[in-house]
$ cat start-v3.cif   # mmCIF, C-alpha atoms
data_structure
loop_
_atom_site.label_atom_id
_atom_site.label_comp_id
_atom_site.auth_asym_id
_atom_site.auth_seq_id
_atom_site.Cartn_x
_atom_site.Cartn_y
_atom_site.Cartn_z
CA MET A 1491 14.88 -6.76 -20.62
CA ILE A 1492 12.48 -4.03 -21.79
CA TYR A 1493 9.51 -6.10 -20.67
CA ALA A 1494 11.18 -6.76 -17.31
CA ILE A 1495 11.55 -3.02 -16.86
CA MET A 1496 7.88 -2.47 -17.69
CA TYR A 1497 6.83 -5.14 -15.20
CA GLY A 1498 9.15 -3.59 -12.61
CA LEU A 1499 7.49 -0.22 -13.08
CA THR A 1500 4.09 -1.85 -12.59
CA VAL A 1501 5.19 -3.62 -9.40
CA GLY A 1502 6.75 -0.38 -8.16
CA ALA A 1503 3.53 1.53 -8.79
CA VAL A 1504 1.46 -0.96 -6.79
CA LEU A 1505 4.07 -1.09 -4.01
CA TYR A 1506 3.96 2.69 -3.78
CA LEU A 1507 0.17 2.86 -3.47
CA ILE A 1508 0.23 0.33 -0.65
CA SER A 1509 3.40 1.48 1.10
CA VAL A 1510 2.65 5.21 1.22
CA GLY A 1511 -0.18 4.66 3.71
CA PHE A 1512 2.01 2.29 5.70
CA SER A 1513 4.69 4.98 5.79
CA LEU A 1514 2.19 7.61 6.96
CA THR A 1515 0.90 5.52 9.87
CA PHE A 1516 4.36 4.33 10.84
CA GLY A 1517 5.79 7.83 10.63
CA THR A 1518 3.02 9.70 12.46
CA MET A 1519 1.50 7.21 14.89
CA ARG A 1520 4.56 5.00 15.48
CA VAL A 1521 2.23 2.05 14.92
CA ILE A 1522 3.34 -1.12 13.13
CA ASN A 1523 0.06 -1.64 11.34
CA PHE A 1524 -0.14 -5.22 10.09
CA ALA A 1525 -3.84 -4.63 9.45
CA HIS A 1526 -2.94 -2.21 6.64
CA THR A 1527 -2.73 -4.93 4.00
CA ILE A 1528 -6.17 -6.35 4.79
CA THR A 1529 -7.62 -3.25 3.14
CA TYR A 1530 -5.44 -4.07 0.12
CA THR A 1531 -7.03 -7.54 0.03
CA LEU A 1532 -10.53 -6.16 0.62
CA GLY A 1533 -10.17 -3.72 -2.27
CA ALA A 1534 -9.42 -6.58 -4.68
CA TYR A 1535 -12.23 -8.83 -3.42
CA LEU A 1536 -14.80 -6.03 -3.34
CA LEU A 1537 -13.87 -5.24 -6.94
CA ILE A 1538 -14.59 -8.83 -7.94
CA ALA A 1539 -17.84 -8.90 -5.93
CA SER A 1540 -19.01 -5.65 -7.53
CA ILE A 1541 -18.28 -6.89 -11.05
CA ARG A 1542 -19.84 -10.33 -10.62
CA SER A 1543 -22.74 -9.55 -8.30
CA LEU A 1544 -23.70 -6.01 -9.29
CA GLY A 1545 -22.63 -6.22 -12.91
CA VAL A 1546 -20.86 -2.88 -12.81
CA PRO A 1547 -17.82 -2.04 -14.98
CA PHE A 1548 -14.29 -2.52 -13.64
CA PHE A 1549 -13.63 1.09 -12.74
CA TRP A 1550 -16.95 1.55 -10.91
CA GLY A 1551 -16.31 -1.72 -9.08
CA GLY A 1552 -12.88 -0.41 -8.14
CA ALA A 1553 -14.46 2.77 -6.75
CA VAL A 1554 -16.80 0.66 -4.63
CA GLY A 1555 -13.87 -1.43 -3.39
CA VAL A 1556 -11.81 1.61 -2.43
CA ALA A 1557 -14.72 3.34 -0.67
CA VAL A 1558 -15.77 0.30 1.39
CA ALA A 1559 -12.18 -0.60 2.26
CA ALA A 1560 -11.59 3.00 3.41
CA LEU A 1561 -14.60 2.67 5.74
CA ALA A 1562 -13.15 -0.59 7.05
CA GLY A 1563 -9.86 1.25 7.61
CA TYR A 1564 -11.68 3.91 9.61
CA GLY A 1565 -13.26 1.19 11.76
CA ILE A 1566 -9.86 -0.37 12.42
CA GLU A 1567 -8.39 2.99 13.41
CA ARG A 1568 -11.37 3.99 15.53
CA PHE A 1569 -11.75 0.79 17.54
CA VAL A 1570 -8.24 -0.70 17.56
CA ILE A 1571 -5.43 1.67 16.56
CA ARG A 1572 -6.70 4.67 18.53
CA ARG A 1573 -6.45 2.68 21.75
CA LEU A 1574 -2.78 1.93 21.08
CA TYR A 1575 -1.37 5.46 20.71
CA GLY A 1576 1.62 5.80 22.98
CA GLU A 1577 1.75 2.09 23.75
CA SER A 1578 4.71 -0.20 23.16
CA LEU A 1579 5.28 -1.40 19.60
CA ASP A 1580 4.77 -4.94 20.90
CA TYR A 1581 1.11 -4.19 21.63
CA THR A 1582 0.52 -2.63 18.21
CA PHE A 1583 2.25 -5.56 16.55
CA ILE A 1584 0.06 -8.14 18.30
CA ALA A 1585 -3.21 -6.20 17.98
CA THR A 1586 -2.89 -5.29 14.30
CA TYR A 1587 -1.67 -8.75 13.35
CA ALA A 1588 -4.74 -10.17 15.08
CA VAL A 1589 -6.93 -7.82 13.02
CA PHE A 1590 -5.14 -9.02 9.89
CA LEU A 1591 -5.80 -12.68 10.74
CA ILE A 1592 -9.46 -11.96 11.52
CA GLY A 1593 -9.76 -10.09 8.22
CA VAL A 1594 -8.26 -13.02 6.30
CA ASP A 1595 -10.74 -15.41 7.92
CA ILE A 1596 -13.65 -13.11 7.04
CA VAL A 1597 -12.44 -12.98 3.42
CA LYS A 1598 -12.23 -16.78 3.31
CA TRP A 1599 -15.70 -17.08 4.84
CA LEU A 1600 -17.25 -14.67 2.34
CA TRP A 1601 -15.41 -15.57 -0.86
CA GLY A 1602 -13.70 -18.91 -0.29
CA VAL A 1603 -10.04 -19.89 -0.37
CA PHE A 1604 -9.48 -20.45 -4.07
CA PRO A 1605 -7.73 -17.78 -6.17
CA LYS A 1606 -9.98 -15.61 -8.31
CA PRO A 1607 -8.71 -14.26 -11.64
CA VAL A 1608 -9.64 -10.82 -12.96
CA SER A 1609 -9.32 -10.04 -16.65
CA ASP A 1610 -7.60 -6.97 -18.05
CA PRO A 1611 -10.35 -4.28 -18.11
CA LEU A 1612 -8.89 -2.60 -21.19
CA GLY A 1613 -7.59 -5.53 -23.18
CA LYS A 1614 -5.54 -3.26 -25.42
CA THR A 1615 -1.85 -2.84 -26.15
CA VAL A 1616 0.44 0.00 -27.16
CA ASP A 1617 3.32 -0.35 -29.61
CA ILE A 1618 6.32 1.72 -28.50
CA LEU A 1619 9.46 1.48 -30.67
CA GLY A 1620 8.53 -2.03 -31.71
CA PHE A 1621 7.76 -3.23 -28.17
CA VAL A 1622 4.17 -4.09 -27.32
CA PHE A 1623 2.98 -3.16 -23.81
CA PRO A 1624 -0.43 -3.71 -22.20
CA THR A 1625 -2.21 -0.34 -22.00
CA TYR A 1626 -3.50 -1.24 -18.55
CA ARG A 1627 -0.02 -1.54 -17.04
CA ILE A 1628 0.99 1.83 -18.45
CA LEU A 1629 -2.18 3.29 -16.90
CA VAL A 1630 -1.27 1.80 -13.49
CA VAL A 1631 2.18 3.41 -13.57
CA LEU A 1632 0.78 6.79 -14.65
CA LEU A 1633 -1.89 6.66 -11.94
CA ALA A 1634 0.73 6.03 -9.24
CA ILE A 1635 2.67 9.07 -10.46
CA VAL A 1636 -0.50 11.17 -10.40
CA VAL A 1637 -1.21 9.99 -6.82
CA PHE A 1638 2.33 10.95 -5.80
CA PHE A 1639 2.03 14.50 -7.12
CA GLY A 1640 -1.51 14.77 -5.72
CA LEU A 1641 -0.24 13.81 -2.26
CA GLU A 1642 2.62 16.28 -2.59
CA LEU A 1643 0.16 19.09 -3.31
CA PHE A 1644 -2.17 17.96 -0.52
CA MET A 1645 0.60 17.77 2.06
CA ARG A 1646 2.24 21.07 1.16
CA LYS A 1647 -0.66 23.29 0.11
CA THR A 1648 -3.49 22.41 2.51
CA MET A 1649 -3.66 23.09 6.25
CA VAL A 1650 -4.55 19.46 6.99
CA GLY A 1651 -1.60 18.26 4.96
CA LYS A 1652 0.78 20.68 6.66
CA ILE A 1653 -0.32 19.45 10.09
CA ILE A 1654 0.26 15.83 9.04
CA VAL A 1655 3.71 16.70 7.68
CA ALA A 1656 4.53 18.57 10.92
CA ALA A 1657 3.39 15.55 12.93
CA LEU A 1658 5.69 13.34 10.86
CA ASP A 1659 8.62 15.49 11.99
CA ASN A 1660 7.57 16.32 15.56
CA ARG A 1661 4.33 14.86 16.84
CA GLU A 1662 4.72 16.19 20.39
CA GLY A 1663 5.58 19.66 19.11
CA VAL A 1664 2.30 19.78 17.19
CA ARG A 1665 0.42 18.72 20.33
CA CYS A 1666 2.10 21.56 22.25
CA LEU A 1667 0.49 24.00 19.81
CA GLY A 1668 -2.93 22.88 21.04
CA ILE A 1669 -3.74 20.89 17.89
CA GLY A 1670 -5.57 17.61 18.42
CA VAL A 1671 -3.41 15.43 16.20
CA GLU A 1672 -5.53 12.31 16.72
CA LYS A 1673 -8.19 13.37 14.21
CA TYR A 1674 -5.48 14.11 11.66
CA PHE A 1675 -3.94 10.72 12.35
CA SER A 1676 -7.35 9.21 11.66
CA LEU A 1677 -7.56 11.05 8.35
CA ALA A 1678 -4.05 9.89 7.40
CA PHE A 1679 -5.00 6.32 8.32
CA VAL A 1680 -8.16 6.36 6.19
CA LEU A 1681 -6.26 7.93 3.29
CA GLY A 1682 -3.62 5.22 3.54
CA SER A 1683 -6.29 2.51 3.68
CA ALA A 1684 -7.96 3.90 0.55
CA LEU A 1685 -4.65 3.94 -1.32
CA ALA A 1686 -3.89 0.36 -0.23
CA ALA A 1687 -7.30 -0.72 -1.50
CA LEU A 1688 -6.59 1.12 -4.77
CA GLY A 1689 -3.37 -0.87 -5.03
CA GLY A 1690 -5.34 -4.10 -4.57
CA VAL A 1691 -7.85 -3.07 -7.22
CA LEU A 1692 -5.17 -2.17 -9.74
CA TYR A 1693 -3.06 -5.26 -9.09
CA ALA A 1694 -6.00 -7.69 -9.30
CA PRO A 1695 -5.86 -8.07 -13.12
CA ILE A 1696 -2.09 -8.66 -12.95
CA THR A 1697 -2.02 -11.33 -10.23
CA ALA A 1698 -4.45 -13.89 -8.81
CA VAL A 1699 -6.62 -12.62 -5.96
CA HIS A 1700 -6.52 -14.86 -2.88
CA PRO A 1701 -7.08 -14.41 0.89
CA TYR A 1702 -3.37 -14.37 1.81
CA MET A 1703 -2.28 -11.90 -0.85
CA GLY A 1704 -1.83 -9.25 1.85
CA SER A 1705 0.69 -11.28 3.85
CA HIS A 1706 2.88 -11.58 0.76
CA ILE A 1707 2.89 -7.86 0.04
CA LEU A 1708 3.31 -6.84 3.69
CA LEU A 1709 6.98 -7.81 3.90
CA LEU A 1710 7.74 -5.90 0.71
CA CYS A 1711 5.98 -2.86 2.20
CA PHE A 1712 8.32 -3.08 5.20
CA ALA A 1713 11.27 -3.17 2.84
CA VAL A 1714 9.98 -0.12 0.94
CA VAL A 1715 9.22 1.94 4.06
CA LEU A 1716 12.52 1.16 5.76
CA THR A 1717 14.49 1.76 2.57
CA GLY A 1718 12.72 5.03 1.78
CA GLY A 1719 12.69 6.28 5.36
CA LEU A 1720 9.92 6.24 7.97
CA GLY A 1721 7.37 8.91 7.09
CA ASN A 1722 9.41 10.07 4.07
CA LEU A 1723 6.79 10.23 1.32
CA ARG A 1724 9.24 11.05 -1.46
CA GLY A 1725 11.60 8.36 -0.24
CA THR A 1726 8.73 5.86 -0.27
CA PHE A 1727 7.95 6.76 -3.89
CA LEU A 1728 11.56 6.34 -5.02
CA ALA A 1729 12.11 3.17 -2.98
CA SER A 1730 8.93 1.57 -4.35
CA PHE A 1731 9.98 1.94 -7.96
CA ALA A 1732 13.62 1.09 -7.24
CA LEU A 1733 12.70 -2.14 -5.45
CA GLY A 1734 10.05 -2.97 -8.06
CA MET A 1735 12.68 -2.70 -10.79
CA LEU A 1736 15.18 -4.68 -8.72
CA ILE A 1737 12.65 -7.49 -8.14
CA SER A 1738 11.64 -7.66 -11.80
CA ILE A 1739 15.15 -7.59 -13.29
CA THR A 1740 16.48 -10.11 -10.75
CA GLY A 1741 13.50 -12.36 -11.48
CA ARG A 1742 14.49 -12.43 -15.15
CA TYR A 1743 17.91 -13.93 -14.39
CA TRP A 1744 17.40 -15.50 -10.94
CA PRO A 1745 13.70 -16.22 -10.29
CA ALA A 1746 14.30 -17.80 -6.88
CA GLY A 1747 15.97 -14.64 -5.59
CA SER A 1748 13.61 -12.08 -7.10
CA GLU A 1749 12.24 -10.95 -3.75
CA ILE A 1750 15.29 -11.69 -1.61
CA VAL A 1751 17.10 -8.80 -3.28
CA ALA A 1752 14.54 -6.34 -1.89
CA PHE A 1753 15.50 -7.31 1.66
CA ILE A 1754 19.20 -7.30 0.82
CA ALA A 1755 18.76 -3.72 -0.41
CA MET A 1756 16.83 -2.85 2.76
CA ALA A 1757 19.59 -4.32 4.95
CA ALA A 1758 22.23 -2.37 3.05
CA VAL A 1759 20.32 0.89 3.55
CA LEU A 1760 19.85 0.20 7.28
CA LEU A 1761 23.54 -0.56 7.70
CA ALA A 1762 24.44 2.72 6.01
CA ARG A 1763 21.68 4.72 7.72
CA PRO A 1764 20.49 3.08 10.98
CA ILE A 1765 17.11 4.04 12.42
CA GLU A 1766 17.52 6.32 15.40
CA ALA A 1767 15.67 5.23 18.54
#
$ encode --input "start-v3.cif" --output "structure tokens"
Amino acid sequence: MIYAIMYGLTVGAVLYLISVGFSLTFGTMRVINFAHTITYTLGAYLLIASIRSLGVPFFWGGAVGVAVAALAGYGIERFVIRRLYGESLDYTFIATYAVFLIGVDIVKWLWGVFPKPVSDPLGKTVDILGFVFPTYRILVVLLAIVVFFGLELFMRKTMVGKIIVAALDNREGVRCLGIGVEKYFSLAFVLGSALAALGGVLYAPITAVHPYMGSHILLLCFAVVLTGGLGNLRGTFLASFALGMLISITGRYWPAGSEIVAFIAMAAVLLARPIEA
């Protein structure tokens, strides 16, 4: 059970890093961004390419993956998402899903279709009360917590962050103040893309990297965002770890239903607290 809890914390940390950007774009732009998880996939593949082609260490390769994926995220926002502000959710659904499919095909063209393993960059363990845990997984959990508190400080202590938070609550009200929210939306989108890529980089040594890894995580991101509340950054953090623990512990006793429980929990939350139109 202890090891299931540790794995649940790891899954929750990765879910948070990916879902927080999804929550930002969904909460501010009212855009269902299926393209979000392609940056998650790109981060993992660019890490592998940096390690194998450039010969750089894991953490430098991860930095390259995050930076390039963030640039790709900016391109998606600039040439696709920005044209969809104010449009029906149907248009954003179709357009961003098309970007996702194109991204998957580009990944397959560049790196092939076969899964690519990544070894643990630390290769060390920690003994805690007689239980042995991989140091890397503990680092992933701690990093997610640091990102959470860093975002909290950014959103509440900086002018840019305050504008983004205000837009989460009342986008039209911010526009009425004469503030051009689009550039702040762009910043939030790039930030979310970078965090998704970071999630891909950190999860690569834990799972196999393959072109469709983003489609698998996308549904869980929906569950996290809807459970935590659209645009609710604290709710996203709590929901990520709660669902990660739920998936891991259920998988220990009922492997076939390990991910179904996340959607059952999401449905229960939506029944108790429906989304207002």
$ atom_distance --input "start-v3.cif" --atom1 "atom CA of A:Val1759" --atom2 "atom CA of A:Ala1713"
9.9 Å
$ closest_residue --input "start-v3.cif" --among "A:Lys1606, A:Trp1550, A:Ser1676, A:Val1501" --to "A:Arg1572" --atoms "all atoms listed in the file"
A:Ser1676
$ closest_residue --input "start-v3.cif" --among "A:Val1594, A:Ile1635, A:Val1650, A:Leu1574" --to "A:Leu1532" --atoms "all atoms listed in the file"
A:Val1594
$ closest_atom_pairs --input "start-v3.cif" --of "stretch 1616-1656 of chain A" --to "stretch 1491-1497 of chain A" --cutoff "12 Å" --atoms "all atoms listed in the file" --output "JSON lines"
{"residue": "A:Ile1618", "atom": "CA", "partner": "A:Ile1492", "partner_atom": "CA", "distance": 10.8}
{"residue": "A:Leu1619", "atom": "CA", "partner": "A:Ile1492", "partner_atom": "CA", "distance": 10.9}
{"residue": "A:Gly1620", "atom": "CA", "partner": "A:Ile1492", "partner_atom": "CA", "distance": 10.9}
{"residue": "A:Phe1621", "atom": "CA", "partner": "A:Ile1492", "partner_atom": "CA", "distance": 8.0}
{"residue": "A:Val1622", "atom": "CA", "partner": "A:Tyr1493", "partner_atom": "CA", "distance": 8.8}
{"residue": "A:Phe1623", "atom": "CA", "partner": "A:Tyr1493", "partner_atom": "CA", "distance": 7.8}
{"residue": "A:Pro1624", "atom": "CA", "partner": "A:Met1496", "partner_atom": "CA", "distance": 9.5}
{"residue": "A:Thr1625", "atom": "CA", "partner": "A:Met1496", "partner_atom": "CA", "distance": 11.2}
{"residue": "A:Tyr1626", "atom": "CA", "partner": "A:Met1496", "partner_atom": "CA", "distance": 11.5}
{"residue": "A:Arg1627", "atom": "CA", "partner": "A:Tyr1497", "partner_atom": "CA", "distance": 8.0}
{"residue": "A:Ile1628", "atom": "CA", "partner": "A:Met1496", "partner_atom": "CA", "distance": 8.2}
{"residue": "A:Leu1629", "atom": "CA", "partner": "A:Met1496", "partner_atom": "CA", "distance": 11.6}
{"residue": "A:Val1630", "atom": "CA", "partner": "A:Tyr1497", "partner_atom": "CA", "distance": 10.8}
{"residue": "A:Val1631", "atom": "CA", "partner": "A:Met1496", "partner_atom": "CA", "distance": 9.2}
$ closest_atom_pairs --input "start-v3.cif" --of "stretch 1494-1520 of chain A" --to "stretch 1698-1711 of chain A" --cutoff "12 Å" --atoms "all atoms listed in the file" --output "Markdown table"
| residue | atom | partner | partner_atom | distance |
| --- | --- | --- | --- | --- |
| A:Val1501 | CA | A:Ile1707 | CA | 10.6 |
| A:Gly1502 | CA | A:Leu1710 | CA | 10.5 |
| A:Val1504 | CA | A:Ile1707 | CA | 9.8 |
| A:Leu1505 | CA | A:Cys1711 | CA | 6.7 |
| A:Tyr1506 | CA | A:Cys1711 | CA | 8.4 |
| A:Leu1507 | CA | A:Cys1711 | CA | 9.9 |
| A:Ile1508 | CA | A:Cys1711 | CA | 7.2 |
| A:Ser1509 | CA | A:Cys1711 | CA | 5.2 |
| A:Val1510 | CA | A:Cys1711 | CA | 8.8 |
| A:Gly1511 | CA | A:Cys1711 | CA | 9.8 |
| A:Phe1512 | CA | A:Cys1711 | CA | 7.4 |
| A:Ser1513 | CA | A:Cys1711 | CA | 8.7 |
| A:Phe1516 | CA | A:Cys1711 | CA | 11.4 |
$ residues_near_point --input "start-v3.cif" --point "(-8.6, 9.2, 7.1)" --cutoff "12 Å" --atoms "all atoms listed in the file" --output "short mmCIF file (atom, residue, chain, number, x, y, z; two decimals) with C-alpha atoms, keeping the file's coordinate frame"
data_model
loop_
_atom_site.label_atom_id
_atom_site.label_comp_id
_atom_site.auth_asym_id
_atom_site.auth_seq_id
_atom_site.Cartn_x
_atom_site.Cartn_y
_atom_site.Cartn_z
CA GLY A 1511 -0.18 4.66 3.71
CA LEU A 1514 2.19 7.61 6.96
CA THR A 1515 0.90 5.52 9.87
CA ALA A 1557 -14.72 3.34 -0.67
CA ALA A 1559 -12.18 -0.60 2.26
CA ALA A 1560 -11.59 3.00 3.41
CA LEU A 1561 -14.60 2.67 5.74
CA ALA A 1562 -13.15 -0.59 7.05
CA GLY A 1563 -9.86 1.25 7.61
CA TYR A 1564 -11.68 3.91 9.61
CA GLY A 1565 -13.26 1.19 11.76
CA ILE A 1566 -9.86 -0.37 12.42
CA GLU A 1567 -8.39 2.99 13.41
CA ARG A 1568 -11.37 3.99 15.53
CA VAL A 1650 -4.55 19.46 6.99
CA GLY A 1651 -1.60 18.26 4.96
CA ILE A 1654 0.26 15.83 9.04
CA GLU A 1672 -5.53 12.31 16.72
CA LYS A 1673 -8.19 13.37 14.21
CA TYR A 1674 -5.48 14.11 11.66
CA PHE A 1675 -3.94 10.72 12.35
CA SER A 1676 -7.35 9.21 11.66
CA LEU A 1677 -7.56 11.05 8.35
CA ALA A 1678 -4.05 9.89 7.40
CA PHE A 1679 -5.00 6.32 8.32
CA VAL A 1680 -8.16 6.36 6.19
CA LEU A 1681 -6.26 7.93 3.29
CA GLY A 1682 -3.62 5.22 3.54
CA SER A 1683 -6.29 2.51 3.68
CA ALA A 1684 -7.96 3.90 0.55
CA LEU A 1685 -4.65 3.94 -1.32
#
$ resolve_selection --input "start-v3.cif" --expression "the PyMOL selection byres ((chain A and resi 1548) around 10)" --output "ChimeraX atom specification"
/A:1537-1538,1540-1541,1545-1547,1549-1554,1608-1612,1691-1692
$ closest_residue --input "start-v3.cif" --among "A:Gly1498, A:Leu1633, A:Val1558, A:Arg1542" --to "A:Ser1748" --atoms "only C-alpha atoms"
A:Gly1498
$ closest_residue --input "start-v3.cif" --among "A:Leu1591, A:Ala1732, A:Leu1643, A:Ile1522" --to "A:Phe1712" --atoms "only C-alpha atoms"
A:Ile1522
$ axis_aligned_box --input "start-v3.cif" --around "stretch 1552-1559 of chain A" --padding-each-side "4 Å" --output "AutoDock Vina command-line options"
--center_x -14.3 --center_y 1.0 --center_z -2.9 --size_x 13.0 --size_y 12.8 --size_z 18.4
$ atom_distance --input "start-v3.cif" --atom1 "atom CA of A:Ala1686" --atom2 "atom CA of A:Val1715"
13.9 Å
$ residues_near_point --input "start-v3.cif" --point "(-19.4, -13.9, 1.4)" --cutoff "12 Å" --atoms "only C-alpha atoms" --output "PyMOL selection string"
chain A and resi 1532+1535-1536+1538-1539+1543+1595-1603
$ resolve_selection --input "start-v3.cif" --expression "the PyMOL selection byres ((chain A and resi 1687) around 6)" --output "JSON, numbers by chain"
{"A": [1529, 1530, 1533, 1556, 1684, 1685, 1686, 1688, 1689, 1690]}
$ closest_residue --input "start-v3.cif" --among "A:Val1570, A:Ala1525, A:Leu1544, A:Ala1503" --to "A:Leu1733" --atoms "all atoms listed in the file"
A:Ala1503
$ atom_distance --input "start-v3.cif" --atom1 "atom CA of A:Glu1749" --atom2 "atom CA of A:Ile1737"
5.6 Å
$ closest_residue --input "start-v3.cif" --among "A:Thr1740, A:Thr1615, A:Thr1648, A:Asn1523" --to "A:Ile1571" --atoms "only C-alpha atoms"
A:Asn1523
